[in-house]
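Encoded as structure tokens, the structure appears first; notes follow it.
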Amino acid sequence: MPAEPFRGCYTVLITPFTEDGAAVDLKALERLVEFQIREGIRGLIPLGSTGEFLSVSPEERTAIVETVVKTARGRVPVLIGTGAEDTREVVRTSKEAESLGADGVMIIPPFYSVPTFAELVHHYDTVAKAIGIPIMVYNNPATANVDMTPAMLAEISRIPNCRYVKESTLEVTRVRDIVALCGDRMEVFAGVLGYESAWLGAIGWVAVCSNLAPKLSTEMFHAAAFDKDMERALALYRKLAPLLPWVGGPRYVSGTKAGFRLMGMAMGDPRPPRLPLPAQDVPALAGVLQSLGLLSEGARQAA
């Protein structure tokens, strides 16, 4: 187990690809990890949805885990997304993550079979018995086709190792209810509503926007969750808010990768079926990044 519990703003990392999309750009991934840590992020999660985990090969997956863990060098926790439709595959990738030095895994439910509650419990229990690192259960009914309610999570939290949940509905009262029902068995990371969830007991935020703005994202969440400084947290949230539509919804990958290109940190395009951000949308995104002081000099001159 990690020496300290997971806390704070964690980035669910994009996966950099070469310009032709044929390979993972591992050098760019190393630079991304260093950028995140330098800017104060508190944890890293490669191979989530934002990391296009369904669009990489098993060999690429292994290389991504090795690269992030080795580059982080224990400076921040690294959790690996190991969701899959087949429980055996989740066990395999979770054991691999542990063997490569990851601090935990994040597991979305099987996303095609629409498992019953009994099947969900069996799924997570099987994985938990196979590894010795913590599991972050990932509730995202929009993509998993199953909704793990607070009452269901209260039961799942009784499985050893299922110590965290990434709660990604838009119902912020879920945080309140999970805290009430799970007690100290399971702690909550917001998956979407980082600012709002902090006030109801979330101790972490798995953020997409922190790919591009790790310092601002971390400062905002920590001001709300730990400092309880409402005035400062709200001011930082209002500053960050214009970026959120560009890294959420259908363009969460394309918008993030377009943002990196504008910042002078090209990470390649998404792999199909995802497409790059439409050209007509790029100037508006550039304006948002400029307001945050994130544009590269070349992009500022062209804006």
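Each chain in the structure tokens gets a letter, A, B, ..., in the order shown, and its residues are numbered from 1; ligands are numbered from 1 in order too.
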
Using DSSP on the backbone coordinates, identify the residues of range 118-172 of chain A assigned to alpha helix (DSSP H); present them as a compact mmCIF listing (two decimals) with N, CA, C and O atoms, in the first residue's frame.
```txt
# COMPACT_ATOMS: atom_id res chain seq x y z
N ALA A 118 -24.92 -8.34 -8.45
CA ALA A 118 -24.15 -9.51 -8.02
C ALA A 118 -22.93 -9.73 -8.91
O ALA A 118 -21.85 -10.10 -8.43
N GLU A 119 -23.09 -9.48 -10.20
CA GLU A 119 -21.97 -9.63 -11.13
C GLU A 119 -20.91 -8.56 -10.89
O GLU A 119 -19.69 -8.82 -11.00
N LEU A 120 -21.34 -7.34 -10.56
CA LEU A 120 -20.39 -6.28 -10.25
C LEU A 120 -19.57 -6.63 -9.01
O LEU A 120 -18.34 -6.46 -9.00
N VAL A 121 -20.25 -7.10 -7.98
CA VAL A 121 -19.54 -7.48 -6.75
C VAL A 121 -18.54 -8.58 -7.05
O VAL A 121 -17.38 -8.53 -6.60
N HIS A 122 -18.94 -9.58 -7.83
CA HIS A 122 -18.03 -10.67 -8.18
C HIS A 122 -16.84 -10.15 -8.97
O HIS A 122 -15.69 -10.58 -8.75
N HIS A 123 -17.09 -9.24 -9.89
CA HIS A 123 -16.04 -8.66 -10.73
C HIS A 123 -14.98 -7.97 -9.87
O HIS A 123 -13.78 -8.29 -9.95
N TYR A 124 -15.42 -7.05 -9.02
CA TYR A 124 -14.46 -6.29 -8.21
C TYR A 124 -13.80 -7.17 -7.15
O TYR A 124 -12.61 -7.01 -6.86
N ASP A 125 -14.54 -8.10 -6.60
CA ASP A 125 -13.98 -8.99 -5.59
C ASP A 125 -12.90 -9.87 -6.20
O ASP A 125 -11.85 -10.12 -5.58
N THR A 126 -13.13 -10.36 -7.42
CA THR A 126 -12.14 -11.20 -8.10
C THR A 126 -10.84 -10.44 -8.32
O THR A 126 -9.75 -10.98 -8.08
N VAL A 127 -10.95 -9.19 -8.78
CA VAL A 127 -9.74 -8.39 -9.01
C VAL A 127 -9.05 -8.07 -7.69
O VAL A 127 -7.83 -8.17 -7.57
N ALA A 128 -9.84 -7.71 -6.68
CA ALA A 128 -9.26 -7.34 -5.38
C ALA A 128 -8.46 -8.48 -4.77
O ALA A 128 -7.42 -8.25 -4.13
N LYS A 129 -8.93 -9.70 -4.98
CA LYS A 129 -8.22 -10.86 -4.43
C LYS A 129 -6.93 -11.17 -5.18
O LYS A 129 -6.08 -11.91 -4.68
N ALA A 130 -6.80 -10.60 -6.38
CA ALA A 130 -5.64 -10.92 -7.22
C ALA A 130 -4.48 -9.94 -7.05
O ALA A 130 -3.37 -10.22 -7.49
N PRO A 141 -21.94 6.04 -15.44
CA PRO A 141 -23.02 5.34 -16.14
C PRO A 141 -23.18 5.76 -17.60
O PRO A 141 -23.68 4.97 -18.40
N ALA A 142 -22.70 6.94 -17.97
CA ALA A 142 -22.83 7.38 -19.36
C ALA A 142 -22.01 6.52 -20.30
O ALA A 142 -22.37 6.34 -21.47
N THR A 143 -20.91 5.96 -19.82
CA THR A 143 -20.05 5.14 -20.68
C THR A 143 -20.08 3.66 -20.29
O THR A 143 -19.80 2.81 -21.14
N ALA A 144 -20.41 3.34 -19.05
CA ALA A 144 -20.39 1.95 -18.61
C ALA A 144 -21.74 1.26 -18.72
O ALA A 144 -21.83 0.04 -18.56
N PRO A 150 -25.01 5.08 -4.53
CA PRO A 150 -24.35 5.08 -3.22
C PRO A 150 -24.62 3.82 -2.41
O PRO A 150 -23.71 3.31 -1.74
N ALA A 151 -25.83 3.30 -2.45
CA ALA A 151 -26.14 2.08 -1.71
C ALA A 151 -25.34 0.89 -2.26
O ALA A 151 -24.86 0.05 -1.49
N MET A 152 -25.19 0.81 -3.57
CA MET A 152 -24.39 -0.26 -4.16
C MET A 152 -22.92 -0.10 -3.80
O MET A 152 -22.23 -1.08 -3.46
N LEU A 153 -22.44 1.12 -3.85
CA LEU A 153 -21.03 1.37 -3.50
C LEU A 153 -20.76 1.05 -2.04
O LEU A 153 -19.65 0.63 -1.68
N ALA A 154 -21.76 1.24 -1.18
CA ALA A 154 -21.58 0.90 0.23
C ALA A 154 -21.27 -0.58 0.40
O ALA A 154 -20.47 -0.97 1.27
N GLU A 155 -21.89 -1.42 -0.44
CA GLU A 155 -21.59 -2.85 -0.39
C GLU A 155 -20.24 -3.16 -1.03
O GLU A 155 -19.46 -3.95 -0.51
N ILE A 156 -19.96 -2.53 -2.17
CA ILE A 156 -18.68 -2.76 -2.84
C ILE A 156 -17.52 -2.30 -1.96
O ILE A 156 -16.43 -2.89 -1.97
```

Contacts of range 252-258 of chain A at 9 Å or less, counting only C-alpha atoms, minus same-chain residues fewer than 3 places along, as a tab-separated table (two decimals) with all heavy atoms, in the first residue's frame?
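For reference, part.tsv as written:
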```tsv
chain	number	residue	atom	x	y	z
A	14	ILE	N	-3.83	12.13	-21.08
A	14	ILE	CA	-3.97	11.77	-22.49
A	14	ILE	C	-2.82	10.84	-22.86
A	14	ILE	O	-1.80	10.78	-22.17
A	14	ILE	CB	-4.00	13.01	-23.41
A	14	ILE	CG1	-2.73	13.85	-23.23
A	14	ILE	CG2	-5.24	13.84	-23.19
A	14	ILE	CD1	-1.77	13.74	-24.35
A	16	PRO	N	-0.08	10.40	-25.71
A	16	PRO	CA	0.50	11.03	-26.90
A	16	PRO	C	0.77	9.99	-27.99
A	16	PRO	O	1.29	8.90	-27.71
A	16	PRO	CB	1.81	11.64	-26.39
A	16	PRO	CG	1.74	11.57	-24.90
A	16	PRO	CD	0.84	10.42	-24.58
A	49	SER	N	-10.30	6.79	-19.90
A	49	SER	CA	-11.00	7.12	-21.15
A	49	SER	C	-10.26	8.23	-21.90
A	49	SER	O	-10.10	8.18	-23.12
A	49	SER	CB	-12.44	7.55	-20.86
A	49	SER	OG	-13.13	6.54	-20.17
A	50	THR	N	-9.79	9.23	-21.17
A	50	THR	CA	-9.05	10.33	-21.78
A	50	THR	C	-7.76	9.83	-22.41
A	50	THR	O	-7.26	10.42	-23.37
A	50	THR	CB	-8.76	11.42	-20.74
A	50	THR	OG1	-9.98	11.78	-20.10
A	50	THR	CG2	-8.15	12.65	-21.38
A	51	GLY	N	-7.23	8.74	-21.89
A	51	GLY	CA	-6.02	8.13	-22.43
A	51	GLY	C	-6.27	7.17	-23.57
A	51	GLY	O	-5.35	6.47	-24.00
A	52	GLU	N	-7.53	7.13	-24.07
A	52	GLU	CA	-7.89	6.30	-25.23
A	52	GLU	C	-7.50	4.84	-25.01
A	52	GLU	O	-6.95	4.18	-25.89
A	52	GLU	CB	-7.24	6.85	-26.50
A	52	GLU	CG	-7.64	8.29	-26.82
A	52	GLU	CD	-6.94	8.87	-28.04
A	52	GLU	OE1	-7.27	8.44	-29.17
A	52	GLU	OE2	-6.06	9.73	-27.86
A	208	VAL	N	-9.74	16.05	-16.15
A	208	VAL	CA	-9.24	16.11	-17.52
A	208	VAL	C	-8.57	17.45	-17.77
A	208	VAL	O	-7.50	17.53	-18.38
A	208	VAL	CB	-10.38	15.88	-18.53
A	208	VAL	CG1	-9.85	15.95	-19.97
A	208	VAL	CG2	-11.07	14.55	-18.30
A	209	CYS	N	-9.18	18.52	-17.27
A	209	CYS	CA	-8.65	19.87	-17.52
A	209	CYS	C	-7.23	20.04	-17.00
A	209	CYS	O	-6.47	20.88	-17.50
A	209	CYS	CB	-9.56	20.93	-16.92
A	209	CYS	SG	-9.80	20.79	-15.14
A	211	ASN	N	-4.80	18.17	-17.45
A	211	ASN	CA	-3.80	17.90	-18.49
A	211	ASN	C	-3.18	19.22	-18.94
A	211	ASN	O	-1.96	19.36	-19.00
A	211	ASN	CB	-4.43	17.20	-19.68
A	211	ASN	CG	-4.52	15.71	-19.56
A	211	ASN	OD1	-3.54	15.00	-19.75
A	211	ASN	ND2	-5.70	15.22	-19.21
A	212	LEU	N	-4.02	20.18	-19.27
A	212	LEU	CA	-3.58	21.47	-19.80
A	212	LEU	C	-3.25	22.47	-18.72
A	212	LEU	O	-2.35	23.30	-18.88
A	212	LEU	CB	-4.67	22.06	-20.72
A	212	LEU	CG	-5.07	21.23	-21.93
A	212	LEU	CD1	-6.27	21.85	-22.63
A	212	LEU	CD2	-3.90	21.08	-22.90
A	244	LEU	N	-13.48	24.19	-19.22
A	244	LEU	CA	-14.14	22.90	-18.98
A	244	LEU	C	-14.94	22.39	-20.18
A	244	LEU	O	-14.88	21.19	-20.48
A	244	LEU	CB	-15.01	22.99	-17.73
A	244	LEU	CG	-14.26	23.36	-16.44
A	244	LEU	CD1	-15.21	23.37	-15.25
A	244	LEU	CD2	-13.10	22.40	-16.18
A	245	PRO	N	-15.69	23.23	-20.90
A	245	PRO	CA	-16.42	22.69	-22.05
A	245	PRO	C	-15.52	22.17	-23.16
A	245	PRO	O	-15.94	21.34	-23.98
A	245	PRO	CB	-17.24	23.90	-22.56
A	245	PRO	CG	-17.32	24.82	-21.39
A	245	PRO	CD	-16.03	24.65	-20.65
A	246	TRP	N	-14.27	22.61	-23.19
A	246	TRP	CA	-13.34	22.17	-24.23
A	246	TRP	C	-12.69	20.84	-23.91
A	246	TRP	O	-12.08	20.21	-24.78
A	246	TRP	CB	-12.26	23.24	-24.44
A	246	TRP	CG	-12.82	24.48	-25.03
A	246	TRP	CD1	-13.15	25.63	-24.37
A	246	TRP	CD2	-13.17	24.70	-26.39
A	246	TRP	NE1	-13.68	26.55	-25.24
A	246	TRP	CE2	-13.70	26.00	-26.49
A	246	TRP	CE3	-13.08	23.91	-27.55
A	246	TRP	CZ2	-14.14	26.54	-27.70
A	246	TRP	CZ3	-13.52	24.44	-28.75
A	246	TRP	CH2	-14.04	25.74	-28.81
A	247	VAL	N	-12.80	20.40	-22.67
A	247	VAL	CA	-12.19	19.13	-22.27
A	247	VAL	C	-13.25	18.19	-21.69
A	247	VAL	O	-12.93	17.26	-20.94
A	247	VAL	CB	-11.04	19.36	-21.26
A	247	VAL	CG1	-9.91	20.14	-21.92
A	247	VAL	CG2	-11.54	20.10	-20.01
A	248	GLY	N	-14.49	18.43	-22.02
A	248	GLY	CA	-15.59	17.59	-21.57
A	248	GLY	C	-16.48	17.23	-22.75
A	248	GLY	O	-16.27	17.70	-23.88
A	249	GLY	N	-17.50	16.42	-22.49
A	249	GLY	CA	-18.41	16.04	-23.56
A	249	GLY	C	-17.70	15.29	-24.67
A	249	GLY	O	-16.70	14.60	-24.44
A	261	ARG	N	-1.30	21.26	-28.58
A	261	ARG	CA	-0.65	21.76	-29.79
A	261	ARG	C	-0.51	23.28	-29.73
A	261	ARG	O	0.53	23.86	-30.07
A	261	ARG	CB	-1.45	21.33	-31.03
A	261	ARG	CG	-0.70	21.56	-32.34
A	261	ARG	CD	-1.50	21.04	-33.53
A	261	ARG	NE	-1.75	19.61	-33.45
A	261	ARG	CZ	-0.89	18.68	-33.84
A	261	ARG	NH1	0.28	19.03	-34.36
A	261	ARG	NH2	-1.20	17.40	-33.75
A	262	LEU	N	-1.57	23.95	-29.25
A	262	LEU	CA	-1.54	25.40	-29.12
A	262	LEU	C	-0.53	25.85	-28.07
A	262	LEU	O	0.03	26.94	-28.15
A	262	LEU	CB	-2.92	25.92	-28.76
A	262	LEU	CG	-3.97	25.87	-29.88
A	262	LEU	CD1	-5.38	26.03	-29.32
A	262	LEU	CD2	-3.69	26.95	-30.93
A	263	MET	N	-0.30	25.00	-27.08
A	263	MET	CA	0.65	25.31	-26.02
A	263	MET	C	2.09	24.99	-26.42
A	263	MET	O	3.01	25.15	-25.61
A	263	MET	CB	0.28	24.55	-24.75
A	263	MET	CG	-1.00	25.05	-24.09
A	263	MET	SD	-1.66	23.93	-22.83
A	263	MET	CE	-0.29	23.84	-21.65
A	266	ALA	N	3.01	19.45	-28.68
A	266	ALA	CA	2.22	18.56	-29.53
A	266	ALA	C	2.21	17.14	-29.01
A	266	ALA	O	3.25	16.57	-28.65
A	266	ALA	CB	2.76	18.59	-30.96
A	267	MET	N	0.99	16.55	-28.95
A	267	MET	CA	0.80	15.18	-28.47
A	267	MET	C	0.15	14.30	-29.52
A	267	MET	O	-0.34	13.22	-29.21
A	267	MET	CB	-0.08	15.20	-27.20
A	267	MET	CG	0.50	15.98	-26.05
A	267	MET	SD	1.89	15.14	-25.27
A	267	MET	CE	2.47	16.43	-24.15
A	268	GLY	N	0.15	14.77	-30.78
A	268	GLY	CA	-0.49	14.01	-31.83
A	268	GLY	C	-2.00	14.16	-31.81
A	268	GLY	O	-2.57	14.86	-30.96
A	269	ASP	N	-2.65	13.52	-32.75
A	269	ASP	CA	-4.12	13.53	-32.83
A	269	ASP	C	-4.70	12.31	-32.13
A	269	ASP	O	-3.99	11.33	-31.89
A	269	ASP	CB	-4.56	13.53	-34.29
A	269	ASP	CG	-4.25	14.83	-35.00
A	269	ASP	OD1	-4.24	15.89	-34.34
A	269	ASP	OD2	-4.00	14.80	-36.23
A	270	PRO	N	-5.99	12.34	-31.83
A	270	PRO	CA	-6.64	11.12	-31.33
A	270	PRO	C	-6.63	10.04	-32.40
A	270	PRO	O	-6.50	10.33	-33.60
A	270	PRO	CB	-8.07	11.58	-31.04
A	270	PRO	CG	-8.03	13.07	-31.01
A	270	PRO	CD	-6.92	13.47	-31.92
A	274	ARG	N	-12.17	8.61	-32.93
A	274	ARG	CA	-12.08	10.03	-32.56
A	274	ARG	C	-11.33	10.78	-33.65
A	274	ARG	O	-10.36	10.29	-34.22
A	274	ARG	CB	-11.35	10.19	-31.23
A	274	ARG	CG	-12.09	9.58	-30.04
A	274	ARG	CD	-11.30	9.84	-28.77
A	274	ARG	NE	-11.99	9.33	-27.59
A	274	ARG	CZ	-11.82	8.12	-27.08
A	274	ARG	NH1	-10.97	7.28	-27.67
A	274	ARG	NH2	-12.47	7.72	-26.01
A	275	LEU	N	-11.77	12.00	-33.89
A	275	LEU	CA	-11.14	12.86	-34.88
A	275	LEU	C	-10.57	14.10	-34.20
A	275	LEU	O	-10.97	14.45	-33.09
A	275	LEU	CB	-12.16	13.28	-35.95
A	275	LEU	CG	-12.76	12.15	-36.80
A	275	LEU	CD1	-13.86	12.70	-37.71
A	275	LEU	CD2	-11.68	11.46	-37.62
A	276	PRO	N	-9.64	14.79	-34.86
A	276	PRO	CA	-9.11	16.02	-34.27
A	276	PRO	C	-10.20	17.08	-34.10
A	276	PRO	O	-11.25	17.03	-34.75
A	276	PRO	CB	-8.07	16.48	-35.31
A	276	PRO	CG	-7.73	15.25	-36.09
A	276	PRO	CD	-8.99	14.44	-36.13
A	277	LEU	N	-9.95	18.03	-33.22
A	277	LEU	CA	-10.88	19.14	-33.04
A	277	LEU	C	-11.06	19.86	-34.37
A	277	LEU	O	-10.08	20.16	-35.05
A	277	LEU	CB	-10.33	20.11	-31.99
A	277	LEU	CG	-11.28	21.21	-31.53
A	277	LEU	CD1	-12.39	20.62	-30.65
A	277	LEU	CD2	-10.51	22.29	-30.76
A	278	PRO	N	-12.30	20.13	-34.78
A	278	PRO	CA	-12.51	20.84	-36.05
A	278	PRO	C	-11.77	22.16	-36.08
A	278	PRO	O	-11.70	22.88	-35.08
A	278	PRO	CB	-14.03	21.05	-36.07
A	278	PRO	CG	-14.59	19.94	-35.25
A	278	PRO	CD	-13.57	19.73	-34.15
A	282	VAL	N	-10.76	25.86	-33.26
A	282	VAL	CA	-9.44	26.10	-32.66
A	282	VAL	C	-9.26	27.53	-32.18
A	282	VAL	O	-8.74	27.75	-31.07
A	282	VAL	CB	-8.32	25.68	-33.64
A	282	VAL	CG1	-6.95	26.11	-33.11
A	282	VAL	CG2	-8.35	24.17	-33.86
A	285	LEU	N	-10.79	27.97	-28.70
A	285	LEU	CA	-9.99	27.31	-27.68
A	285	LEU	C	-8.72	28.11	-27.40
A	285	LEU	O	-8.31	28.27	-26.25
A	285	LEU	CB	-9.62	25.89	-28.13
A	285	LEU	CG	-8.65	25.12	-27.24
A	285	LEU	CD1	-9.17	25.00	-25.81
A	285	LEU	CD2	-8.37	23.73	-27.82
```

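Separating CA of Ala23 in chain A from CA of Tyr10 in chain A is a distance of 25.2 Å.
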
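Neighbouring residues of Thr11 in chain A at 6 Å or closer, counting only C-alpha atoms and skipping chain neighbours under 2 positions away, are Leu13, Leu44, Ile45, Val206, Ala207 and Ser210 of chain A.
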
Exercise. Name the residues in contact with Thr169 in chain A at a cut-off of 12 Å, using only C-alpha atoms, excluding same-chain residues fewer than 5 positions from it; report them as a list in words.
Key: Tyr138, Asn139, Asn140, Pro141, Ala142, Thr143, Ala144, Val146, Asp147, Met148, Thr149, Pro150, Arg174, Val175, Phe189, Ala190, Gly191, Val192, Leu193, Gly194 and Ser197 of chain A

Residue subset to file, keeping C-alpha atoms, as a PDB file, in the first residue's frame:
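Produced file selection34.pdb, reproduced below:
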```pdb
ATOM      1  CA  TYR A 138     -15.086   4.193 -11.386  1.00  0.00           C
ATOM      2  CA  ASN A 139     -18.766   5.062 -11.614  1.00  0.00           C
ATOM      3  CA  ASN A 140     -19.595   6.546 -15.011  1.00  0.00           C
ATOM      4  CA  PRO A 141     -23.021   5.345 -16.143  1.00  0.00           C
ATOM      5  CA  ALA A 142     -22.826   7.382 -19.360  1.00  0.00           C
ATOM      6  CA  THR A 143     -20.054   5.136 -20.677  1.00  0.00           C
ATOM      7  CA  ALA A 144     -20.387   1.948 -18.609  1.00  0.00           C
ATOM      8  CA  VAL A 146     -24.458   0.695 -15.359  1.00  0.00           C
ATOM      9  CA  ASP A 147     -24.901   3.096 -12.469  1.00  0.00           C
ATOM     10  CA  MET A 148     -23.357   2.199  -9.135  1.00  0.00           C
ATOM     11  CA  THR A 149     -25.580   4.054  -6.672  1.00  0.00           C
ATOM     12  CA  PRO A 150     -24.345   5.084  -3.215  1.00  0.00           C
ATOM     13  CA  ARG A 174     -23.969  11.429  -4.659  1.00  0.00           C
ATOM     14  CA  VAL A 175     -20.778  12.543  -2.900  1.00  0.00           C
ATOM     15  CA  PHE A 189     -12.767  11.403  -5.909  1.00  0.00           C
ATOM     16  CA  ALA A 190     -14.902  13.653  -8.083  1.00  0.00           C
ATOM     17  CA  GLY A 191     -14.882  12.631 -11.716  1.00  0.00           C
ATOM     18  CA  VAL A 192     -16.574  15.712 -13.152  1.00  0.00           C
ATOM     19  CA  LEU A 193     -17.734  18.223 -10.547  1.00  0.00           C
ATOM     20  CA  GLY A 194     -14.462  18.899  -8.791  1.00  0.00           C
ATOM     21  CA  SER A 197     -17.812  17.855  -4.814  1.00  0.00           C
TER      22      SER A 197
END
```

Quiz item: If you run DSSP on this backbone, which residues of range 21-256 of chain A come out as strand (DSSP E or B), and could you give them as a VMD selection string?
Solution: chain A and resid 24 43 to 45 78 to 81 104 to 107 135 to 139 162 to 167 187 to 190 204 to 207

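Proximity ranking of A:Glu98, A:Glu167, A:Glu59, A:Asp86 relative to Pro110 in chain A places A:Asp86 first, based on only C-alpha atoms.
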
Practice problem: Just the residues within 9 Å of Leu100 in chain A, please, counting only C-alpha atoms, with nothing from its chain fewer than 4 positions along; format it as a PyMOL selection string. | Solution: chain A and resi 62+65-66+69-70+95-96

Practice problem: Write out as a ChimeraX atom specification each polymer residue whose atoms come within 8 Å of Glu187 in chain A, counting only C-alpha atoms; drop sequence neighbours fewer than 5 positions from it. | Solution: /A:163-165,179,182,202-203

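Distance-wise, CA of Glu4 in chain A and CA of Val172 in chain A end up 26.2 Å apart.
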
Exercise. For Val33 in chain A, list every protein, DNA or RNA residue within 9 Å, evaluated using only C-alpha atoms, and leave out those in the same chain fewer than 4 positions away; present the list as an MDAnalysis selection string.
Key: chainID A and resid 13 28:29 37:38 44 68 71:72
